[in-house]
Amino acid sequence: MDAGRAHEIRTGLDRKPGLREQAALYYRISRLNLKAQTAYHGEFVLGLLFGLVWQGSMVLFAGVLLLRFPGLGGWKQGDVLLIASMRLVSHSLYVACFSNIAMLSMTVQEGRMDGFLLRPMPVYRQVLLSRFQVNSFGDLLAGAGIFVLALFRLDLGWTPLKAVYVVCGILGGTLVEAGVQTLLAIGALRFTGLFTWTSWVDQTISTFGNYPLNVLPSPAKDALTFVFPVAFIAYLPAAIVTGHTATTGLPLWLTAAAPLLGLGFFLLAKTIWYRSLRLYQSVGG
Amino acid sequence: MSEIALNPASGPGPFQLPSQLPSQPPSQLPSQAPSQPPSQPSPQFPPLRRSADTRQSRRAWRAARVTVLSEFYEWGRVASTLGMLVIRAALTYWLWQALYATTKSAAGLDSRQATTYALLGVFYVAFRAVNRWAARDNMVQHMLEGTIAYWFLRPVSPRRFYCIKACGDLGYGASWGAIAYIVCLTSGVIAPPVSVRAGLAALACMTLGLVTLYYLRLLIDLACFWTVVNNQLVIMYEIVQNVLAGALVPLWFFPAWFASFDRLLPFQGTLNVPLSLYIGRTPVNQFAGALEVQALWIAILAVLSTLVWRRASARVTVLGG
């Protein structure tokens, strides 16, 4: 290869791609990943259904309990349904955009991480684009359906500000979940078998993120607020929208800042993840 | 990815297994002399043959230890799994206590009964199966990595090997389940069975339920012989199973039509029936009917799994290389 060509390639690699180029690249990678998923037809169809069934079962859990019991921790049925629906939508966005980070232990075990470290693209982004999550369609469908149902059942006196806050709350919840799984994925850089933890986190959020956390004893509530921030996913934003801020036991500004804190938490988690990349130990062959 | 067909119908390949191998009794396989066809027994040494068979049979059961050994290979994983379970159990307990804070009874269950049911459901989900993913011992991993071929080369039939491994998993899970049960019972978190008869009936139902679960999971795993991967199928099965068995919410909270429909399926007998007997929601005199339904399902699933094993063994595809 002549020097001119080598220089051209190097310049091309050093140049930061524009937004349009990046979008085109994401589209191409996702399209190829989707094509790879369709290699196993049965799995593909079941993957489409999986999100719907999984989230459906969680809604069933919440729905059955809400129908049988008058309320929970001072929250009426409709208010609790808003928590569940906001969590579902934020979770479906998390599955579509970030859930591959939760599968990092498998990616490392398969030896695919080594390739990510060599390519001219941010490693975190490559991890997120490593698989196409077919089940995200079902998740989105279930989340959107329940959210619309909750909106019809609630009479909250909607204002533009409230609607914007709900959208911000959902996005913040997505980022909180992504941040938690990103922090957990640091362990996957070094140890195998972390998938048990990531699935536990997923299950715990899916099960207990649907309820007002003020029903729990104080130490458990504090742990789910400050250690494992489940409260910031849907409970705190829903408390602002429904006017249950007194039940949270937190200052109003902290409760209201939940979406912003979600963004901050995710950025912090991503920074720590990048710094922890030096811990990575290859296990594939 | 290279693909080597072991299906006799697909013609000779570089790695061809005899089509009769899986269907032969496992005990005959290791002792076959190369010069002696398997159809001709060796009348000279019958006592020796029997002794070798017995030894072989006993040795095969050592495979049951694999799960325990691979779990304890990483102590941290076991400890973290237990930590996760304790947190989940505590959250479940508090949630049910909160639900009953404003009412004494719902769906015929009081707070103590519902909490006991919910906690036993949590333990059931946690210990009924062992996650073999980290040990790369899932059926789908064997299929994708081609290690499924070894199942057909060992001196024990794949069907028996699967059963032995499942027994090992069950023993391991049941041990942890028993510890969790005793800890919760002695600390007063869960209630004891309403009577000794109810406790024994629940245990009998749970045992049959575990047999049912074994056959159901076997059929899901055998699907790999046709679909190669079954990740989504396994997850779907577990969700459906958890819902229909009552592991997520006691089935008493569901509408009556749902419970009636679920009664015809094999899932309810695996958890809801034994737990309902245990907490006294179902009288012990209805125990016989539940047993009959379970026995019928076990018979159906056993026949089905035998047929599927036979078909699966004839179409093994080994990937990798």
# chains A, B, ... in the order shown; residues from 1 in each chain; ligands from 1
$ interface_residues --of "chain A" --to "chain B" --cutoff "7 Å" --atoms "only C-alpha atoms" --output "PDB file with C-alpha atoms, in the first residue's frame"
ATOM      1  CA  GLU A  43     -36.745 -17.782  17.664  1.00  0.00           C
ATOM      2  CA  LEU A  46     -40.913 -15.890  19.779  1.00  0.00           C
ATOM      3  CA  GLY A  47     -38.590 -12.945  20.359  1.00  0.00           C
ATOM      4  CA  PHE A  50     -41.463 -12.339  24.351  1.00  0.00           C
ATOM      5  CA  TRP A  54     -43.011 -10.686  29.826  1.00  0.00           C
ATOM      6  CA  SER A  57     -47.155 -10.918  33.005  1.00  0.00           C
ATOM      7  CA  PHE A  61     -49.259  -9.127  38.520  1.00  0.00           C
ATOM      8  CA  VAL A  64     -54.627  -8.454  39.697  1.00  0.00           C
ATOM      9  CA  ARG A  68     -58.258  -6.986  44.625  1.00  0.00           C
ATOM     10  CA  PHE A  69     -56.926  -4.311  46.950  1.00  0.00           C
ATOM     11  CA  LEU A  72     -51.420   0.894  48.195  1.00  0.00           C
ATOM     12  CA  THR A 192     -18.094 -14.531  34.105  1.00  0.00           C
ATOM     13  CA  GLY A 193     -21.535 -15.430  35.376  1.00  0.00           C
ATOM     14  CA  VAL A 215     -45.093   0.899  51.546  1.00  0.00           C
ATOM     15  CA  LEU A 216     -41.674  -0.514  52.377  1.00  0.00           C
TER      16      LEU A 216
END
$ select_by_dssp --residues "segment 60-110 of chain A" --states "strand (DSSP E or B)" --output "list in words"
Gly71, Leu72, Trp75 and Lys76 of chain A
$ write_last_selection --atoms "C-alpha atoms" --output "tab-separated table (two decimals), in the first residue's frame"
chain	number	residue	atom	x	y	z
A	71	GLY	CA	-54.98	0.99	47.07
A	72	LEU	CA	-51.42	0.89	48.20
A	75	TRP	CA	-52.08	5.81	46.48
A	76	LYS	CA	-55.31	5.11	44.60
$ residues_around --residues "Ala163 of chain A" --least-positions-apart "4" --cutoff "12 Å" --atoms "only C-alpha atoms" --output "MDAnalysis selection string"
chainID A and resid 151 156:159 167:170 237:238 240:241
$ residues_around --residues "segment 249-266 of chain A" --least-positions-apart "3" --cutoff "10 Å" --atoms "only C-alpha atoms" --output "ChimeraX atom specification"
/A:165-183,214,218,221-222,225,229,231-241,245-246,269-272
$ write_last_selection --atoms "N, CA and C atoms" --output "compact mmCIF listing (two decimals), in the first residue's frame"
# COMPACT_ATOMS: atom_id res chain seq x y z
N TYR A 165 -43.20 16.96 31.64
CA TYR A 165 -42.54 16.33 32.80
C TYR A 165 -42.67 14.80 32.73
N VAL A 166 -43.85 14.33 32.30
CA VAL A 166 -44.03 12.87 32.19
C VAL A 166 -43.04 12.30 31.16
N VAL A 167 -42.89 12.99 30.02
CA VAL A 167 -41.95 12.52 28.98
C VAL A 167 -40.53 12.51 29.54
N CYS A 168 -40.17 13.61 30.24
CA CYS A 168 -38.83 13.68 30.84
C CYS A 168 -38.65 12.58 31.89
N GLY A 169 -39.70 12.33 32.67
CA GLY A 169 -39.64 11.28 33.69
C GLY A 169 -39.40 9.92 33.07
N ILE A 170 -40.08 9.65 31.95
CA ILE A 170 -39.91 8.35 31.26
C ILE A 170 -38.47 8.23 30.74
N LEU A 171 -37.98 9.31 30.12
CA LEU A 171 -36.61 9.27 29.60
C LEU A 171 -35.60 9.12 30.74
N GLY A 172 -35.87 9.83 31.84
CA GLY A 172 -34.99 9.71 33.01
C GLY A 172 -34.98 8.29 33.55
N GLY A 173 -36.16 7.67 33.60
CA GLY A 173 -36.27 6.28 34.06
C GLY A 173 -35.47 5.33 33.18
N THR A 174 -35.54 5.58 31.87
CA THR A 174 -34.77 4.77 30.92
C THR A 174 -33.28 4.87 31.25
N LEU A 175 -32.83 6.10 31.49
CA LEU A 175 -31.41 6.32 31.75
C LEU A 175 -30.98 5.75 33.11
N VAL A 176 -31.87 5.79 34.09
CA VAL A 176 -31.54 5.20 35.39
C VAL A 176 -31.32 3.69 35.23
N GLU A 177 -32.23 3.05 34.52
CA GLU A 177 -32.10 1.60 34.31
C GLU A 177 -30.83 1.29 33.53
N ALA A 178 -30.56 2.11 32.50
CA ALA A 178 -29.34 1.91 31.71
C ALA A 178 -28.11 2.13 32.58
N GLY A 179 -28.16 3.13 33.47
CA GLY A 179 -27.03 3.42 34.34
C GLY A 179 -26.75 2.27 35.30
N VAL A 180 -27.81 1.72 35.89
CA VAL A 180 -27.64 0.60 36.83
C VAL A 180 -26.99 -0.59 36.11
N GLN A 181 -27.51 -0.90 34.92
CA GLN A 181 -26.96 -2.06 34.19
C GLN A 181 -25.55 -1.77 33.70
N THR A 182 -25.24 -0.50 33.39
CA THR A 182 -23.88 -0.15 32.96
C THR A 182 -22.90 -0.35 34.11
N LEU A 183 -23.29 0.08 35.31
CA LEU A 183 -22.41 -0.12 36.47
C LEU A 183 -22.19 -1.60 36.75
N ASN A 214 -43.21 3.86 49.28
CA ASN A 214 -43.43 4.23 50.67
C ASN A 214 -44.11 3.12 51.47
N SER A 218 -38.49 1.82 56.18
CA SER A 218 -37.55 2.89 55.83
C SER A 218 -36.20 2.42 55.27
N LYS A 221 -36.73 1.19 51.74
CA LYS A 221 -37.09 2.31 50.84
C LYS A 221 -35.85 3.14 50.51
N ASP A 222 -35.04 3.42 51.54
CA ASP A 222 -33.82 4.20 51.31
C ASP A 222 -32.86 3.45 50.39
N THR A 225 -33.84 3.76 46.94
CA THR A 225 -33.77 5.14 46.45
C THR A 225 -32.32 5.56 46.20
N PRO A 229 -31.28 2.66 42.64
CA PRO A 229 -32.25 3.76 42.50
C PRO A 229 -33.53 3.42 41.73
N ALA A 231 -36.48 3.90 42.76
CA ALA A 231 -37.45 4.98 43.00
C ALA A 231 -37.41 6.03 41.89
N PHE A 232 -36.22 6.26 41.31
CA PHE A 232 -36.10 7.33 40.31
C PHE A 232 -36.64 6.90 38.94
N ILE A 233 -36.95 5.63 38.77
CA ILE A 233 -37.41 5.16 37.46
C ILE A 233 -38.84 5.65 37.18
N ALA A 234 -39.73 5.44 38.13
CA ALA A 234 -41.12 5.85 37.88
C ALA A 234 -41.82 6.40 39.12
N TYR A 235 -41.43 5.90 40.30
CA TYR A 235 -42.13 6.28 41.52
C TYR A 235 -42.05 7.78 41.79
N LEU A 236 -40.85 8.35 41.76
CA LEU A 236 -40.71 9.78 42.07
C LEU A 236 -41.34 10.68 41.00
N PRO A 237 -41.09 10.43 39.69
CA PRO A 237 -41.78 11.26 38.70
C PRO A 237 -43.31 11.16 38.80
N ALA A 238 -43.81 9.95 39.07
CA ALA A 238 -45.27 9.78 39.20
C ALA A 238 -45.80 10.51 40.43
N ALA A 239 -44.97 10.57 41.47
CA ALA A 239 -45.39 11.28 42.70
C ALA A 239 -45.58 12.77 42.40
N ILE A 240 -44.72 13.32 41.56
CA ILE A 240 -44.86 14.74 41.19
C ILE A 240 -46.15 14.96 40.40
N VAL A 241 -46.40 14.06 39.44
CA VAL A 241 -47.56 14.23 38.55
C VAL A 241 -48.87 14.05 39.32
N THR A 245 -46.21 13.87 46.62
CA THR A 245 -44.82 14.13 47.00
C THR A 245 -44.57 13.96 48.50
N ALA A 246 -45.62 14.15 49.29
CA ALA A 246 -45.44 14.03 50.75
C ALA A 246 -45.10 12.60 51.16
N ALA A 269 -22.24 6.73 35.22
CA ALA A 269 -22.05 5.28 35.06
C ALA A 269 -21.23 4.98 33.80
N LYS A 270 -21.51 5.70 32.73
CA LYS A 270 -20.80 5.48 31.47
C LYS A 270 -19.32 5.85 31.61
N THR A 271 -19.07 6.96 32.29
CA THR A 271 -17.68 7.39 32.52
C THR A 271 -16.93 6.34 33.34
N ILE A 272 -17.56 5.85 34.40
CA ILE A 272 -16.91 4.83 35.24
C ILE A 272 -16.67 3.56 34.42
$ residues_around --residues "Phe116 of chain A" --least-positions-apart "6" --cutoff "8 Å" --atoms "only C-alpha atoms" --output "ChimeraX atom specification"
/A:123,126-127
$ write_last_selection --atoms "C-alpha atoms" --output "tab-separated table (two decimals), in the first residue's frame"
chain	number	residue	atom	x	y	z
A	123	VAL	CA	-16.58	0.55	22.67
A	126	GLN	CA	-20.42	-1.09	19.81
A	127	VAL	CA	-21.71	-3.06	22.78
$ residues_around --residues "Tyr26 of chain A" --least-positions-apart "5" --cutoff "9 Å" --atoms "only C-alpha atoms" --output "PyMOL selection string"
chain A and resi 21+31+129
$ write_last_selection --atoms "N, CA and C atoms" --output "PDB file, in the first residue's frame"
ATOM      1  N   GLU A  21     -23.845  10.570   9.017  1.00  0.00           N
ATOM      2  CA  GLU A  21     -23.048   9.359   8.762  1.00  0.00           C
ATOM      3  C   GLU A  21     -23.223   8.342   9.899  1.00  0.00           C
ATOM      4  N   ARG A  31     -29.608  -3.156  10.807  1.00  0.00           N
ATOM      5  CA  ARG A  31     -30.261  -3.946   9.760  1.00  0.00           C
ATOM      6  C   ARG A  31     -29.586  -5.313   9.623  1.00  0.00           C
ATOM      7  N   LEU A 129     -24.748  -1.791  20.081  1.00  0.00           N
ATOM      8  CA  LEU A 129     -25.190  -2.175  18.737  1.00  0.00           C
ATOM      9  C   LEU A 129     -24.888  -3.646  18.413  1.00  0.00           C
TER      10      LEU A 129
END
$ closest_residue --among "A:Gln77, A:Gly42, A:Leu267, A:Ser30" --to "Ala223 of chain B" --atoms "only C-alpha atoms"
A:Gly42
$ closest_residue --among "B:Val156, B:Val183, B:Val196, B:Phe225" --to "Val140 of chain B" --atoms "only C-alpha atoms"
B:Phe225
$ atom_distance --atom1 "atom CA of Trp297 of chain B" --atom2 "atom CA of Arg217 of chain B"
13.8 Å
$ closest_residue --among "B:Ala166, B:Val130, B:Met139, B:Ile298" --to "Thr212 of chain B" --atoms "only C-alpha atoms"
B:Ile298
$ residues_around --residues "Gly168 of chain B" --least-positions-apart "3" --cutoff "10 Å" --atoms "only C-alpha atoms" --output "CSV table (one decimal) with C-alpha atoms, in the first residue's frame"
chain,number,residue,atom,x,y,z
B,61,TRP,CA,-24.8,-41.2,38.4
B,62,ARG,CA,-21.6,-39.3,39.2
B,63,ALA,CA,-22.8,-36.9,36.4
B,64,ALA,CA,-25.4,-35.6,38.9
B,65,ARG,CA,-22.6,-33.9,40.8
B,66,VAL,CA,-21.6,-31.7,37.9
B,67,THR,CA,-24.1,-29.0,38.8
B,68,VAL,CA,-23.0,-28.8,42.4
B,130,VAL,CA,-30.2,-24.0,38.1
B,162,TYR,CA,-30.3,-35.7,30.8
B,163,CYS,CA,-32.3,-37.4,33.5
B,164,ILE,CA,-29.2,-37.8,35.8
B,165,LYS,CA,-28.2,-34.2,35.3
B,171,GLY,CA,-31.2,-32.2,44.5
B,172,TYR,CA,-29.1,-29.1,44.6
B,173,GLY,CA,-32.1,-26.8,44.3
B,174,ALA,CA,-34.1,-28.8,46.8
$ closest_residue --among "A:Ser105, A:Gln22, A:Asn210, A:Gln133" --to "Val89 of chain A" --atoms "only C-alpha atoms"
A:Asn210
$ atom_distance --atom1 "atom CA of Arg59 of chain B" --atom2 "atom CA of Cys167 of chain B"
14.6 Å
$ select_by_dssp --residues "segment 165-255 of chain A" --states "helix (DSSP H, G or I)" --output "number ranges by chain"
A: 165-188, 195-208, 213-215, 218-227, 230-232, 235-242, 245-248, 252-255
$ write_last_selection --atoms "C-alpha atoms" --output "mmCIF file, in the first residue's frame"
data_model
loop_
_atom_site.group_PDB
_atom_site.id
_atom_site.type_symbol
_atom_site.label_atom_id
_atom_site.label_comp_id
_atom_site.auth_asym_id
_atom_site.auth_seq_id
_atom_site.Cartn_x
_atom_site.Cartn_y
_atom_site.Cartn_z
ATOM 1 C CA TYR A 165 -42.543 16.331 32.795
ATOM 2 C CA VAL A 166 -44.029 12.867 32.190
ATOM 3 C CA VAL A 167 -41.953 12.518 28.983
ATOM 4 C CA CYS A 168 -38.826 13.685 30.845
ATOM 5 C CA GLY A 169 -39.643 11.276 33.690
ATOM 6 C CA ILE A 170 -39.907 8.354 31.263
ATOM 7 C CA LEU A 171 -36.609 9.268 29.597
ATOM 8 C CA GLY A 172 -34.988 9.711 33.008
ATOM 9 C CA GLY A 173 -36.267 6.278 34.059
ATOM 10 C CA THR A 174 -34.767 4.766 30.923
ATOM 11 C CA LEU A 175 -31.409 6.315 31.749
ATOM 12 C CA VAL A 176 -31.538 5.196 35.393
ATOM 13 C CA GLU A 177 -32.104 1.601 34.310
ATOM 14 C CA ALA A 178 -29.335 1.913 31.714
ATOM 15 C CA GLY A 179 -27.027 3.421 34.344
ATOM 16 C CA VAL A 180 -27.641 0.598 36.827
ATOM 17 C CA GLN A 181 -26.962 -2.061 34.188
ATOM 18 C CA THR A 182 -23.883 -0.146 32.965
ATOM 19 C CA LEU A 183 -22.407 -0.118 36.474
ATOM 20 C CA LEU A 184 -23.175 -3.804 36.827
ATOM 21 C CA ALA A 185 -21.554 -4.499 33.455
ATOM 22 C CA ILE A 186 -18.216 -3.367 34.892
ATOM 23 C CA GLY A 187 -18.103 -6.670 36.738
ATOM 24 C CA ALA A 188 -18.698 -8.521 33.475
ATOM 25 C CA PHE A 195 -25.787 -12.510 33.923
ATOM 26 C CA THR A 196 -27.519 -13.827 37.044
ATOM 27 C CA TRP A 197 -27.119 -10.365 38.570
ATOM 28 C CA THR A 198 -28.311 -8.476 35.536
ATOM 29 C CA SER A 199 -31.398 -10.629 35.216
ATOM 30 C CA TRP A 200 -32.065 -10.219 38.947
ATOM 31 C CA VAL A 201 -31.875 -6.436 38.567
ATOM 32 C CA ASP A 202 -34.237 -6.654 35.601
ATOM 33 C CA GLN A 203 -36.708 -8.814 37.527
ATOM 34 C CA THR A 204 -36.537 -6.688 40.668
ATOM 35 C CA ILE A 205 -37.187 -3.483 38.733
ATOM 36 C CA SER A 206 -39.978 -5.168 36.773
ATOM 37 C CA THR A 207 -41.646 -6.448 39.941
ATOM 38 C CA PHE A 208 -41.074 -3.725 42.527
ATOM 39 C CA LEU A 213 -42.105 2.516 47.554
ATOM 40 C CA ASN A 214 -43.431 4.230 50.674
ATOM 41 C CA VAL A 215 -45.093 0.899 51.546
ATOM 42 C CA SER A 218 -37.550 2.894 55.830
ATOM 43 C CA PRO A 219 -34.215 1.047 55.338
ATOM 44 C CA ALA A 220 -35.588 -0.861 52.325
ATOM 45 C CA LYS A 221 -37.088 2.307 50.835
ATOM 46 C CA ASP A 222 -33.824 4.198 51.312
ATOM 47 C CA ALA A 223 -31.878 1.340 49.733
ATOM 48 C CA LEU A 224 -34.205 1.372 46.708
ATOM 49 C CA THR A 225 -33.766 5.140 46.446
ATOM 50 C CA PHE A 226 -30.087 5.807 47.075
ATOM 51 C CA VAL A 227 -28.296 2.445 46.610
ATOM 52 C CA VAL A 230 -35.507 2.030 41.539
ATOM 53 C CA ALA A 231 -37.448 4.978 42.998
ATOM 54 C CA PHE A 232 -36.096 7.327 40.312
ATOM 55 C CA TYR A 235 -42.132 6.278 41.518
ATOM 56 C CA LEU A 236 -40.708 9.778 42.074
ATOM 57 C CA PRO A 237 -41.784 11.261 38.699
ATOM 58 C CA ALA A 238 -45.274 9.784 39.196
ATOM 59 C CA ALA A 239 -45.387 11.283 42.697
ATOM 60 C CA ILE A 240 -44.857 14.741 41.189
ATOM 61 C CA VAL A 241 -47.561 14.229 38.552
ATOM 62 C CA THR A 242 -50.146 12.772 40.952
ATOM 63 C CA THR A 245 -44.815 14.133 46.997
ATOM 64 C CA ALA A 246 -45.438 14.029 50.749
ATOM 65 C CA THR A 247 -45.314 10.223 50.717
ATOM 66 C CA THR A 248 -41.811 10.065 49.245
ATOM 67 C CA LEU A 252 -39.579 18.348 46.845
ATOM 68 C CA TRP A 253 -36.659 19.584 44.731
ATOM 69 C CA LEU A 254 -35.013 16.142 44.852
ATOM 70 C CA THR A 255 -38.242 14.411 43.873
#
